[in-house]
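So this one's protein-v2.txt, compact mmCIF, C-alpha atoms and all ligand atoms:
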# COMPACT_ATOMS: atom_id res chain seq x y z
CA MET A 1 2.43 -92.55 73.13
CA SER A 2 4.98 -94.41 71.06
CA TYR A 3 8.34 -92.81 70.29
CA GLN A 4 9.45 -95.48 67.83
CA SER A 5 8.53 -93.79 64.54
CA ALA A 6 11.00 -91.84 62.36
CA GLN A 7 9.58 -88.46 63.40
CA PRO A 8 8.78 -89.32 66.98
CA PHE A 9 7.84 -85.89 68.30
CA PRO A 10 5.02 -83.53 67.33
CA PHE A 11 6.53 -80.43 65.74
CA GLU A 12 5.43 -76.82 66.01
CA LYS A 13 7.37 -74.43 63.82
CA SER A 14 8.69 -71.28 65.48
CA PRO A 15 6.86 -68.16 64.23
CA SER A 16 10.01 -66.13 64.94
CA ALA A 17 12.53 -68.44 63.25
CA VAL A 18 15.59 -66.57 62.03
CA ALA A 19 15.70 -65.99 58.25
CA ALA A 20 18.35 -67.86 56.24
CA ALA A 21 20.52 -64.80 55.51
CA GLU A 22 20.61 -63.76 59.16
CA ARG A 23 21.38 -67.32 60.21
CA GLU A 24 24.33 -67.49 57.80
CA ALA A 25 25.63 -64.21 59.27
CA LEU A 26 25.31 -65.57 62.84
CA LEU A 27 27.08 -68.80 61.85
CA ARG A 28 30.12 -66.88 60.60
CA ASN A 29 31.22 -65.94 64.13
CA PRO A 30 29.00 -67.65 66.70
CA GLY A 31 31.37 -67.51 69.71
CA PHE A 32 30.41 -70.01 72.43
CA GLY A 33 26.92 -70.37 73.85
CA ARG A 34 25.44 -67.01 72.89
CA VAL A 35 23.62 -67.84 69.63
CA PHE A 36 20.69 -70.25 69.84
CA THR A 37 18.67 -72.15 67.27
CA ASP A 38 14.94 -71.64 66.73
CA HIS A 39 13.49 -74.73 68.41
CA MET A 40 13.78 -76.86 71.52
CA VAL A 41 12.69 -80.28 72.72
CA THR A 42 10.59 -80.50 75.85
CA MET A 43 9.23 -83.56 77.62
CA ARG A 44 7.60 -83.93 81.00
CA TYR A 45 7.71 -86.55 83.72
CA SER A 46 5.18 -87.15 86.43
CA GLN A 47 4.82 -90.14 88.71
CA GLU A 48 1.33 -90.64 87.34
CA HIS A 49 2.09 -90.46 83.59
CA GLY A 50 5.79 -91.30 83.37
CA TRP A 51 7.59 -89.54 80.48
CA HIS A 52 5.01 -87.84 78.28
CA ASP A 53 4.16 -84.80 76.18
CA GLY A 54 7.45 -84.89 74.20
CA LYS A 55 7.54 -82.24 71.48
CA ILE A 56 9.70 -79.93 69.41
CA GLY A 57 8.46 -76.37 69.51
CA PRO A 58 9.62 -72.75 69.42
CA ARG A 59 12.50 -72.01 71.78
CA GLY A 60 11.13 -69.92 74.63
CA ALA A 61 10.97 -69.15 78.34
CA PHE A 62 9.52 -71.46 81.00
CA PRO A 63 6.95 -70.03 83.39
CA LEU A 64 8.08 -71.16 86.87
CA ASP A 65 6.21 -71.02 90.14
CA PRO A 66 8.46 -69.44 92.83
CA ALA A 67 8.22 -72.69 94.84
CA THR A 68 9.46 -74.88 91.97
CA LEU A 69 11.81 -77.36 93.66
CA VAL A 70 14.84 -76.79 91.42
CA LEU A 71 14.99 -73.14 92.52
CA HIS A 72 15.48 -74.22 96.12
CA TYR A 73 17.32 -77.54 96.26
CA GLY A 74 19.04 -77.63 92.89
CA GLN A 75 17.91 -80.93 91.40
CA GLU A 76 19.29 -80.31 87.90
CA ILE A 77 21.51 -82.28 85.51
CA PHE A 78 22.72 -81.68 82.00
CA GLU A 79 24.71 -83.06 79.08
CA GLY A 80 26.96 -81.45 76.49
CA MET A 81 27.48 -82.89 73.03
CA LYS A 82 28.08 -81.70 69.48
CA ALA A 83 26.67 -82.30 66.00
CA TYR A 84 29.28 -82.10 63.25
CA ARG A 85 28.96 -81.29 59.57
CA LEU A 86 30.30 -84.15 57.40
CA PRO A 87 32.20 -83.68 54.10
CA ASP A 88 29.19 -85.02 52.12
CA GLY A 89 26.98 -82.30 53.64
CA GLY A 90 25.37 -84.72 56.11
CA ALA A 91 25.61 -84.50 59.88
CA SER A 92 26.64 -86.73 62.72
CA LEU A 93 26.70 -86.97 66.49
CA PHE A 94 29.70 -88.38 68.38
CA ARG A 95 29.02 -91.25 70.80
CA PRO A 96 25.54 -89.98 71.80
CA ASP A 97 24.87 -93.34 73.46
CA ALA A 98 27.56 -92.46 76.01
CA ASN A 99 25.82 -89.16 76.77
CA ALA A 100 22.50 -91.01 77.15
CA ARG A 101 24.08 -93.42 79.64
CA ARG A 102 25.75 -90.65 81.62
CA PHE A 103 22.51 -88.62 81.71
CA ARG A 104 20.81 -91.63 83.24
CA SER A 105 23.53 -92.12 85.89
CA SER A 106 23.51 -88.40 86.71
CA ALA A 107 19.72 -88.61 87.20
CA GLU A 108 20.11 -91.62 89.48
CA ARG A 109 22.74 -89.86 91.60
CA LEU A 110 20.43 -86.85 92.06
CA ALA A 111 17.42 -89.07 92.83
CA MET A 112 15.68 -87.86 89.65
CA ALA A 113 13.51 -89.89 87.27
CA PRO A 114 15.93 -91.42 84.75
CA LEU A 115 15.12 -90.73 81.10
CA PRO A 116 15.23 -93.97 79.07
CA GLU A 117 18.41 -93.91 76.96
CA GLU A 118 16.49 -94.57 73.74
CA LEU A 119 14.26 -91.55 74.41
CA PHE A 120 17.33 -89.38 75.02
CA LEU A 121 18.84 -90.54 71.70
CA GLN A 122 15.64 -90.07 69.72
CA SER A 123 15.07 -86.59 71.11
CA VAL A 124 18.64 -85.43 70.40
CA ARG A 125 18.53 -86.83 66.86
CA ALA A 126 15.12 -85.26 66.22
CA LEU A 127 16.27 -81.80 67.33
CA VAL A 128 19.47 -81.97 65.28
CA ARG A 129 17.45 -83.01 62.21
CA THR A 130 15.08 -80.08 62.77
CA GLU A 131 17.97 -77.63 63.23
CA ARG A 132 20.40 -79.11 60.69
CA ASP A 133 20.77 -75.77 58.86
CA TRP A 134 22.28 -74.42 62.08
CA ILE A 135 25.28 -76.80 61.98
CA PRO A 136 28.20 -74.58 60.97
CA ALA A 137 30.42 -75.84 58.16
CA ALA A 138 33.59 -73.96 59.18
CA GLU A 139 36.60 -75.91 60.44
CA GLY A 140 36.45 -76.31 64.23
CA ALA A 141 32.82 -75.17 64.41
CA SER A 142 29.86 -77.37 65.38
CA LEU A 143 26.35 -77.33 66.80
CA TYR A 144 26.56 -77.66 70.59
CA ILE A 145 23.62 -79.62 72.02
CA ARG A 146 22.54 -79.07 75.60
CA PRO A 147 20.08 -81.63 77.02
CA PHE A 148 19.08 -80.89 80.61
CA MET A 149 16.45 -81.79 83.16
CA PHE A 150 15.21 -80.20 86.37
CA ALA A 151 12.75 -80.66 89.22
CA THR A 152 9.43 -78.95 88.55
CA GLU A 153 7.23 -80.00 91.47
CA VAL A 154 5.89 -77.00 93.38
CA LEU A 155 6.79 -77.64 96.99
CA LEU A 156 9.15 -76.44 99.71
CA GLY A 157 9.52 -79.84 101.38
CA VAL A 158 12.93 -81.46 100.95
CA LYS A 159 12.47 -84.62 98.90
CA PRO A 160 13.07 -85.82 95.35
CA SER A 161 10.68 -84.05 93.00
CA ALA A 162 7.74 -86.06 91.68
CA GLU A 163 7.81 -84.06 88.41
CA TYR A 164 10.56 -83.13 85.95
CA LEU A 165 11.01 -81.16 82.77
CA TYR A 166 13.51 -82.44 80.20
CA CYS A 167 14.63 -79.99 77.55
CA ILE A 168 17.21 -79.76 74.75
CA ILE A 169 18.47 -76.49 73.30
CA ALA A 170 21.16 -76.08 70.65
CA SER A 171 23.78 -73.45 69.99
CA PRO A 172 26.16 -73.12 67.03
CA VAL A 173 29.69 -72.69 68.41
CA GLY A 174 33.17 -71.84 67.32
CA SER A 175 36.16 -72.20 69.63
CA TYR A 176 35.57 -72.40 73.41
CA PHE A 177 38.50 -70.22 74.37
CA LYS A 178 38.12 -66.63 73.14
CA SER A 179 41.79 -65.81 73.25
CA GLY A 180 42.79 -68.36 70.62
CA ALA A 181 45.98 -68.66 72.70
CA PRO A 182 47.98 -71.85 72.12
CA ALA A 183 47.74 -72.93 75.79
CA VAL A 184 45.81 -72.17 78.97
CA THR A 185 47.15 -71.05 82.35
CA LEU A 186 45.90 -72.94 85.42
CA TRP A 187 45.47 -71.92 89.05
CA VAL A 188 45.87 -74.69 91.64
CA SER A 189 43.11 -74.14 94.17
CA GLU A 190 44.25 -74.74 97.76
CA THR A 191 41.11 -73.05 99.11
CA TYR A 192 38.39 -75.05 97.38
CA THR A 193 37.75 -78.60 96.25
CA ARG A 194 35.31 -79.73 93.53
CA ALA A 195 34.15 -83.12 94.75
CA ALA A 196 34.51 -85.38 97.76
CA PRO A 197 34.24 -89.18 97.94
CA GLY A 198 30.57 -90.09 98.08
CA GLY A 199 29.58 -86.72 96.61
CA THR A 200 28.31 -85.76 93.17
CA GLY A 201 31.65 -85.35 91.37
CA ALA A 202 30.85 -88.01 88.76
CA ALA A 203 27.40 -86.58 87.99
CA LYS A 204 27.00 -83.82 85.43
CA CYS A 205 24.92 -81.50 87.59
CA GLY A 206 24.63 -77.74 87.77
CA GLY A 207 25.45 -77.84 91.48
CA ASN A 208 29.02 -78.97 90.78
CA TYR A 209 29.47 -75.93 88.58
CA ALA A 210 27.89 -73.58 91.13
CA ALA A 211 30.38 -74.90 93.70
CA SER A 212 33.32 -74.39 91.31
CA LEU A 213 32.66 -70.75 90.46
CA ALA A 214 34.33 -69.20 93.53
CA ALA A 215 37.43 -71.24 92.72
CA GLN A 216 37.22 -70.12 89.10
CA ALA A 217 36.89 -66.50 90.27
CA GLU A 218 40.02 -66.99 92.40
CA ALA A 219 41.85 -68.31 89.32
CA THR A 220 40.74 -65.31 87.28
CA ALA A 221 41.86 -62.92 90.05
CA GLU A 222 45.27 -64.63 89.98
CA GLY A 223 45.51 -64.01 86.24
CA CYS A 224 44.80 -67.63 85.26
CA GLU A 225 42.22 -68.87 82.78
CA GLN A 226 41.10 -72.07 84.53
CA VAL A 227 41.21 -73.66 87.96
CA VAL A 228 42.68 -77.11 88.56
CA PHE A 229 41.25 -79.02 91.54
CA LEU A 230 43.06 -81.33 93.94
CA ASP A 231 41.41 -84.23 95.74
CA ALA A 232 39.36 -83.30 98.80
CA VAL A 233 40.97 -85.82 101.19
CA GLU A 234 44.74 -85.35 100.89
CA ARG A 235 44.76 -82.14 98.83
CA ARG A 236 47.53 -83.75 96.88
CA TRP A 237 46.22 -85.53 93.78
CA VAL A 238 45.34 -83.67 90.61
CA GLU A 239 41.70 -84.33 89.73
CA GLU A 240 40.43 -82.17 86.90
CA LEU A 241 39.57 -78.64 85.82
CA GLY A 242 36.18 -77.03 86.46
CA GLY A 243 34.74 -78.65 83.35
CA MET A 244 37.54 -80.59 81.67
CA ASN A 245 39.57 -83.72 82.33
CA VAL A 246 43.36 -83.63 82.28
CA PHE A 247 46.18 -85.65 80.68
CA PHE A 248 49.94 -85.67 81.22
CA VAL A 249 52.55 -86.65 78.60
CA PHE A 250 56.02 -87.90 79.55
CA ASP A 251 59.38 -87.94 77.80
CA ASP A 252 59.12 -91.70 77.23
CA GLY A 253 56.01 -91.00 75.13
CA SER A 254 53.55 -92.40 77.69
CA LEU A 255 50.40 -90.66 78.90
CA GLN A 256 48.72 -90.54 82.28
CA THR A 257 45.30 -89.35 83.43
CA PRO A 258 43.70 -89.45 86.89
CA PRO A 259 41.56 -92.57 87.42
CA LEU A 260 37.76 -92.36 87.65
CA GLY A 261 36.75 -93.04 91.20
CA GLY A 262 33.58 -91.08 91.81
CA THR A 263 35.13 -87.64 92.24
CA ILE A 264 36.04 -87.09 88.57
CA LEU A 265 33.53 -86.55 85.78
CA PRO A 266 33.83 -89.51 83.37
CA GLY A 267 34.47 -87.48 80.22
CA ILE A 268 33.60 -89.01 76.87
CA THR A 269 36.48 -87.06 75.34
CA ARG A 270 38.78 -88.50 78.04
CA ASP A 271 37.62 -92.03 77.24
CA SER A 272 37.94 -91.48 73.48
CA LEU A 273 41.47 -90.07 73.80
CA ILE A 274 42.59 -93.07 75.86
CA VAL A 275 41.38 -95.34 73.04
CA LEU A 276 42.93 -93.18 70.28
CA ALA A 277 46.27 -92.90 72.11
CA ARG A 278 46.40 -96.69 72.47
CA ASP A 279 45.49 -97.01 68.75
CA LEU A 280 48.57 -94.88 68.06
CA GLY A 281 50.68 -97.35 70.06
CA LEU A 282 51.06 -95.08 73.09
CA THR A 283 50.94 -96.30 76.69
CA VAL A 284 48.17 -94.72 78.77
CA ARG A 285 48.01 -95.10 82.55
CA GLU A 286 44.93 -94.23 84.60
CA GLU A 287 46.78 -93.45 87.82
CA PRO A 288 46.81 -90.66 90.40
CA TYR A 289 49.33 -87.88 89.84
CA ALA A 290 50.43 -85.59 92.68
CA ILE A 291 50.63 -81.84 92.20
CA ASP A 292 54.20 -81.74 93.66
CA GLN A 293 55.21 -84.50 91.23
CA TRP A 294 53.71 -82.50 88.36
CA GLN A 295 55.86 -79.53 89.35
CA ALA A 296 59.00 -81.67 89.75
CA ASP A 297 58.43 -83.45 86.44
CA ALA A 298 57.77 -80.20 84.58
CA ARG A 299 60.95 -78.69 86.00
CA SER A 300 63.11 -81.74 85.27
CA GLY A 301 61.72 -82.10 81.76
CA ARG A 302 60.34 -85.61 82.41
CA LEU A 303 56.89 -84.14 81.73
CA THR A 304 56.78 -82.79 78.19
CA GLU A 305 53.11 -81.85 77.80
CA ALA A 306 49.84 -81.54 79.68
CA PHE A 307 46.43 -80.89 78.21
CA ALA A 308 42.79 -80.53 79.20
CA CYS A 309 39.96 -82.14 77.27
CA GLY A 310 36.19 -82.05 76.97
CA THR A 311 33.46 -81.73 74.36
CA ALA A 312 33.45 -77.93 74.50
CA ALA A 313 37.21 -77.34 74.59
CA VAL A 314 38.22 -80.51 72.64
CA VAL A 315 41.97 -80.75 73.46
CA THR A 316 43.53 -77.66 75.03
CA PRO A 317 47.24 -77.56 75.94
CA ILE A 318 48.18 -76.41 79.44
CA GLY A 319 51.09 -73.96 79.35
CA THR A 320 51.67 -72.69 82.86
CA VAL A 321 50.48 -73.75 86.32
CA LYS A 322 50.43 -71.36 89.28
CA GLY A 323 49.33 -71.66 92.89
CA ARG A 324 50.20 -70.54 96.41
CA ARG A 325 52.90 -73.21 96.59
CA HIS A 326 53.44 -73.84 92.89
CA GLY A 327 54.62 -72.18 89.73
CA PHE A 328 55.92 -73.93 86.63
CA THR A 329 55.77 -73.98 82.86
CA ILE A 330 55.36 -77.17 80.84
CA GLY A 331 57.78 -77.59 77.94
CA GLU A 332 57.88 -74.32 76.02
CA GLY A 333 54.51 -73.32 77.45
CA GLY A 334 52.66 -73.91 74.21
CA ALA A 335 51.01 -76.70 72.26
CA GLY A 336 52.93 -80.00 72.17
CA PRO A 337 53.03 -82.63 69.43
CA VAL A 338 51.17 -85.40 71.31
CA ALA A 339 48.21 -83.13 72.17
CA ALA A 340 48.16 -81.90 68.57
CA ARG A 341 48.23 -85.44 67.19
CA LEU A 342 45.43 -86.67 69.45
CA LYS A 343 43.31 -83.60 68.78
CA ALA A 344 43.69 -84.08 65.02
CA ALA A 345 42.85 -87.81 65.31
CA LEU A 346 39.69 -87.01 67.29
CA LEU A 347 38.54 -84.15 65.04
CA ASP A 348 39.19 -86.22 61.91
CA ILE A 349 36.82 -88.91 63.16
CA GLN A 350 34.22 -86.41 64.39
CA ASN A 351 34.23 -84.53 61.10
CA GLY A 352 34.09 -87.70 59.02
CA ARG A 353 37.57 -87.30 57.49
CA ALA A 354 39.02 -90.48 59.03
CA PRO A 355 37.60 -94.01 59.19
CA ASP A 356 35.31 -94.52 62.19
CA ARG A 357 36.98 -97.72 63.47
CA HIS A 358 35.18 -97.74 66.80
CA GLY A 359 31.67 -97.06 65.52
CA TRP A 360 31.53 -93.71 67.35
CA LEU A 361 29.70 -91.66 64.70
CA ASP A 362 25.93 -91.54 64.68
CA ARG A 363 25.06 -90.34 61.16
CA LEU A 364 21.76 -88.57 60.77
CA ALA A 365 19.67 -89.48 57.78
C1 LIG B 1 31.35 -82.40 80.92
C2 LIG B 1 32.55 -82.39 81.80
C3 LIG B 1 33.80 -82.89 81.37
C4 LIG B 1 34.05 -83.37 79.98
O1 LIG B 1 33.24 -84.41 79.58
P1 LIG B 1 33.06 -84.72 78.02
O2 LIG B 1 32.12 -85.86 77.98
O3 LIG B 1 34.39 -85.05 77.49
O4 LIG B 1 32.52 -83.48 77.40
C5 LIG B 1 34.84 -82.91 82.29
N1 LIG B 1 34.68 -82.45 83.55
C6 LIG B 1 33.51 -81.94 83.98
C7 LIG B 1 33.41 -81.46 85.38
C8 LIG B 1 32.41 -81.90 83.13
O5 LIG B 1 31.26 -81.39 83.57
Please rewrite the model in this file as structure tokens.
Ligand SMILES: *Cc1c(COP(=O)(O)O)cnc(C)c1O
Amino acid sequence: MSYQSAQPFPFEKSPSAVAAAEREALLRNPGFGRVFTDHMVTMRYSQEHGWHDGKIGPRGAFPLDPATLVLHYGQEIFEGMKAYRLPDGGASLFRPDANARRFRSSAERLAMAPLPEELFLQSVRALVRTERDWIPAAEGASLYIRPFMFATEVLLGVKPSAEYLYCIIASPVGSYFKSGAPAVTLWVSETYTRAAPGGTGAAKCGGNYAASLAAQAEATAEGCEQVVFLDAVERRWVEELGGMNVFFVFDDGSLQTPPLGGTILPGITRDSLIVLARDLGLTVREEPYAIDQWQADARSGRLTEAFACGTAAVVTPIGTVKGRRHGFTIGEGGAGPVAARLKAALLDIQNGRAPDRHGWLDRLA
């Protein structure tokens, strides 16, 4: 089967597609990840047939044998990206080629069959075209796209699955944080770590999230919104949040973010903000930053801002940091000007309001 044509996937319309009026009502206040579009992409892999049977059909449940490998050994990876409404009514994706590349490296790390990047791109574009009426037009809203893949071989033996199911679902979203608060509160986990050298920290896999939930629960119990992880070896260096990378802003106007080294998820937002900050003439260092230094710098005023970033949360200021040995507030505890400027620069490109100097937008015909 060739996937090269303009409409590469057979399409079956959902018999229970939501009517236009109801869809408009849902789009007015979608929240995050609770409203879903009508259709999904599915594609299968087997050693015998390679990637095959790609289609767009009604969104629905998967029948799973109780011995399906993913249910036992967790071979699962995913991506997170957004489709944005453009001022001319069109739509675009943001750096989908980077998601395609990362999906392939995540698959390789989990010993799964890599999906060719071109097939990933074609399938994402095809679903967004099918569901284009689900892209919200409101400021700050978008259509969140969730490609994922899991092991489907029926077997209890421990080995890489010989069969996989790739799927994409989509969900119109508003803001990630319900509170609408200007800044988040972080809990420094001394109990748990997220990723160790040689582990899966740089892969976007469900297992990393499963392992982070007890730490997140600890943060919630301590009255904090998010957990911040330290490195697993020295328990000293700030790595990232459960699902977001982190940046620090200093009083000389420079920025710093922990370097990628296998234990940090290589965020596309992180990478884009480094480029945009440098475009604005700011210095950005990719260097380790110690938690004690963070506290000292926040207290002395050398650190003026800190923020988290990711596709879902975009740019989110960090107000207060708490832990068993730590407690400090950054600046006034609210949004700072550098985070605001970078967020605006990113959103302006994503929403087609600013020139796309780096060729990051993928406009859909
Ligand atoms: C997805 C993710 C991020 C952010 O990556 P983006 O490409 O910017 O969305 C950061 N950390 C973790 C652990 C993630 O899973």
Worksheet item: Could you pull the residues within 8 Å of A:Pro288, counting all atoms listed in the file, minus those fewer than 6 positions along the same chain, as a count of residues only?
Response: 5
Discussion item. 8 Å from ligand LIG 1 (chain B) is the threshold here; counting all atoms listed in the file, which polymer residues fall inside it? Answer as a PyMOL selection string.
Written reply: chain A and resi 79-81+99+201-205+208-209+240-245+264-271+309-312+314
What does the file look like for those residues with C-alpha atoms, as a short mmCIF file (atom, residue, chain, number, x, y, z; two decimals), in the coordinates of the input?
data_model
loop_
_atom_site.label_atom_id
_atom_site.label_comp_id
_atom_site.auth_asym_id
_atom_site.auth_seq_id
_atom_site.Cartn_x
_atom_site.Cartn_y
_atom_site.Cartn_z
CA GLU A 79 24.71 -83.06 79.08
CA GLY A 80 26.96 -81.45 76.49
CA MET A 81 27.48 -82.89 73.03
CA ASN A 99 25.82 -89.16 76.77
CA GLY A 201 31.65 -85.35 91.37
CA ALA A 202 30.85 -88.01 88.76
CA ALA A 203 27.40 -86.58 87.99
CA LYS A 204 27.00 -83.82 85.43
CA CYS A 205 24.92 -81.50 87.59
CA ASN A 208 29.02 -78.97 90.78
CA TYR A 209 29.47 -75.93 88.58
CA GLU A 240 40.43 -82.17 86.90
CA LEU A 241 39.57 -78.64 85.82
CA GLY A 242 36.18 -77.03 86.46
CA GLY A 243 34.74 -78.65 83.35
CA MET A 244 37.54 -80.59 81.67
CA ASN A 245 39.57 -83.72 82.33
CA ILE A 264 36.04 -87.09 88.57
CA LEU A 265 33.53 -86.55 85.78
CA PRO A 266 33.83 -89.51 83.37
CA GLY A 267 34.47 -87.48 80.22
CA ILE A 268 33.60 -89.01 76.87
CA THR A 269 36.48 -87.06 75.34
CA ARG A 270 38.78 -88.50 78.04
CA ASP A 271 37.62 -92.03 77.24
CA CYS A 309 39.96 -82.14 77.27
CA GLY A 310 36.19 -82.05 76.97
CA THR A 311 33.46 -81.73 74.36
CA ALA A 312 33.45 -77.93 74.50
CA VAL A 314 38.22 -80.51 72.64
#
Worksheet entry | Nearest to A:Arg132, chosen from A:Phe103, A:Ala196, A:Gly74, A:Ala365, with all atoms listed in the file counted in the distances |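 Among the listed residues, the smallest separation from A:Arg132 belongs to A:Ala365.
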Response to the item:
If you count all atoms listed in the file, the residue of A:Ala67, A:Leu110, A:Ala98, A:Ala137 closest to A:Leu155 turns out to be A:Ala67
Worksheet entry | Using only C-alpha atoms: which of A:Val338, A:Val128, A:Val70, A:Leu26 has the shortest distance to A:Gly157 |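 The closest residue to A:Gly157 is A:Val70.
Across A:Thr152, A:Trp51, A:Arg146, A:Gly60, the tightest approach to A:Pro15 is made by A:Gly60 when counting all atoms listed in the file.
Atom CA of A:Pro355 lies 28.8 Å from atom CA of A:Ile318.
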Fill in: Counting all atoms listed in the file, the option among A:Gln226, A:Thr185, A:Thr200, A:Ser123 closest to A:Phe328
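Comparing A:Gln226, A:Thr185, A:Thr200, A:Ser123 against A:Phe328, the winner is A:Thr185.
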Practice prompt. Between atom CA of A:Asp38 and atom CA of A:Arg59, measure the distance and give it in Å to one decimal.
Written response: 5.6 Å
Fill in: d(atom CA of A:Glu131, atom CA of A:Arg353) in Å
22.6 Å
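Compared by their closest atoms to A:Ala277, and using all atoms listed in the file, the residues A:Trp294, A:Gln256, A:Tyr164, A:Leu213 rank with A:Gln256 nearest.
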Practice prompt. Excluding stretch 359-361 of chain A and residues on its chain fewer than 6 positions from it, collect all residues at most 6 Å away from it, counting all atoms listed in the file, and give them as a list in words.
Written response: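 Here the answer would be Leu93, Phe94 and Arg95 of chain A.
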Atoms to include: C-alpha atoms. Write the selected residues as a PDB file, keeping the file's coordinate frame.
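Once written, selection-v1.pdb looks like this:
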ATOM      1  CA  LEU A  93      26.700 -86.970  66.490  1.00  0.00           C
ATOM      2  CA  PHE A  94      29.700 -88.380  68.380  1.00  0.00           C
ATOM      3  CA  ARG A  95      29.020 -91.250  70.800  1.00  0.00           C
TER       4      ARG A  95
END
Discussion item. So that I can check the surroundings of A:Gly223, please list as a PyMOL selection string every protein, DNA and RNA residue that reaches within 9 Å of it, counting all atoms listed in the file and ignoring chain neighbours fewer than 3 positions away.
Written reply: chain A and resi 185-187+218-220
Output stretch 190-203 of chain A from the block with N, CA, C and O atoms, as a PDB file, in the first residue's frame?
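Final output, saved to result_25.pdb:
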ATOM      1  N   GLU A 190      12.455  14.576  47.327  1.00  0.00           N
ATOM      2  CA  GLU A 190      13.692  13.982  47.855  1.00  0.00           C
ATOM      3  C   GLU A 190      13.505  12.463  47.919  1.00  0.00           C
ATOM      4  O   GLU A 190      14.455  11.720  48.113  1.00  0.00           O
ATOM      5  N   THR A 191      12.267  12.025  47.797  1.00  0.00           N
ATOM      6  CA  THR A 191      11.939  10.600  47.922  1.00  0.00           C
ATOM      7  C   THR A 191      12.133   9.867  46.604  1.00  0.00           C
ATOM      8  O   THR A 191      12.638   8.753  46.564  1.00  0.00           O
ATOM      9  N   TYR A 192      11.677  10.521  45.518  1.00  0.00           N
ATOM     10  CA  TYR A 192      11.632   9.848  44.220  1.00  0.00           C
ATOM     11  C   TYR A 192      12.508  10.553  43.188  1.00  0.00           C
ATOM     12  O   TYR A 192      12.723  11.764  43.276  1.00  0.00           O
ATOM     13  N   THR A 193      12.966   9.778  42.203  1.00  0.00           N
ATOM     14  CA  THR A 193      13.599  10.392  41.034  1.00  0.00           C
ATOM     15  C   THR A 193      12.794   9.981  39.802  1.00  0.00           C
ATOM     16  O   THR A 193      12.006   9.029  39.855  1.00  0.00           O
ATOM     17  N   ARG A 194      12.987  10.707  38.693  1.00  0.00           N
ATOM     18  CA  ARG A 194      12.222  10.418  37.473  1.00  0.00           C
ATOM     19  C   ARG A 194      12.975   9.506  36.526  1.00  0.00           C
ATOM     20  O   ARG A 194      12.392   8.651  35.873  1.00  0.00           O
ATOM     21  N   ALA A 195      14.301   9.723  36.440  1.00  0.00           N
ATOM     22  CA  ALA A 195      15.070   9.021  35.411  1.00  0.00           C
ATOM     23  C   ALA A 195      16.514   8.880  35.858  1.00  0.00           C
ATOM     24  O   ALA A 195      17.067   9.789  36.462  1.00  0.00           O
ATOM     25  N   ALA A 196      17.096   7.745  35.561  1.00  0.00           N
ATOM     26  CA  ALA A 196      18.501   7.514  35.898  1.00  0.00           C
ATOM     27  C   ALA A 196      19.316   7.407  34.618  1.00  0.00           C
ATOM     28  O   ALA A 196      18.760   7.105  33.555  1.00  0.00           O
ATOM     29  N   PRO A 197      20.632   7.656  34.694  1.00  0.00           N
ATOM     30  CA  PRO A 197      21.468   7.491  33.498  1.00  0.00           C
ATOM     31  C   PRO A 197      21.293   6.088  32.923  1.00  0.00           C
ATOM     32  O   PRO A 197      21.276   5.110  33.674  1.00  0.00           O
ATOM     33  N   GLY A 198      21.139   6.010  31.622  1.00  0.00           N
ATOM     34  CA  GLY A 198      20.931   4.711  30.983  1.00  0.00           C
ATOM     35  C   GLY A 198      19.482   4.270  30.967  1.00  0.00           C
ATOM     36  O   GLY A 198      19.147   3.253  30.358  1.00  0.00           O
ATOM     37  N   GLY A 199      18.606   5.006  31.645  1.00  0.00           N
ATOM     38  CA  GLY A 199      17.193   4.651  31.703  1.00  0.00           C
ATOM     39  C   GLY A 199      16.400   5.234  30.546  1.00  0.00           C
ATOM     40  O   GLY A 199      16.946   5.522  29.471  1.00  0.00           O
ATOM     41  N   THR A 200      15.110   5.454  30.777  1.00  0.00           N
ATOM     42  CA  THR A 200      14.227   5.872  29.679  1.00  0.00           C
ATOM     43  C   THR A 200      13.822   7.342  29.763  1.00  0.00           C
ATOM     44  O   THR A 200      12.841   7.755  29.138  1.00  0.00           O
ATOM     45  N   GLY A 201      14.582   8.133  30.540  1.00  0.00           N
ATOM     46  CA  GLY A 201      14.191   9.525  30.762  1.00  0.00           C
ATOM     47  C   GLY A 201      13.996  10.358  29.509  1.00  0.00           C
ATOM     48  O   GLY A 201      13.200  11.287  29.492  1.00  0.00           O
ATOM     49  N   ALA A 202      14.751  10.045  28.447  1.00  0.00           N
ATOM     50  CA  ALA A 202      14.649  10.840  27.221  1.00  0.00           C
ATOM     51  C   ALA A 202      13.585  10.312  26.266  1.00  0.00           C
ATOM     52  O   ALA A 202      13.335  10.909  25.220  1.00  0.00           O
ATOM     53  N   ALA A 203      12.962   9.188  26.622  1.00  0.00           N
ATOM     54  CA  ALA A 203      11.900   8.630  25.771  1.00  0.00           C
ATOM     55  C   ALA A 203      10.547   9.092  26.298  1.00  0.00           C
ATOM     56  O   ALA A 203      10.356   9.207  27.508  1.00  0.00           O
TER      57      ALA A 203
END
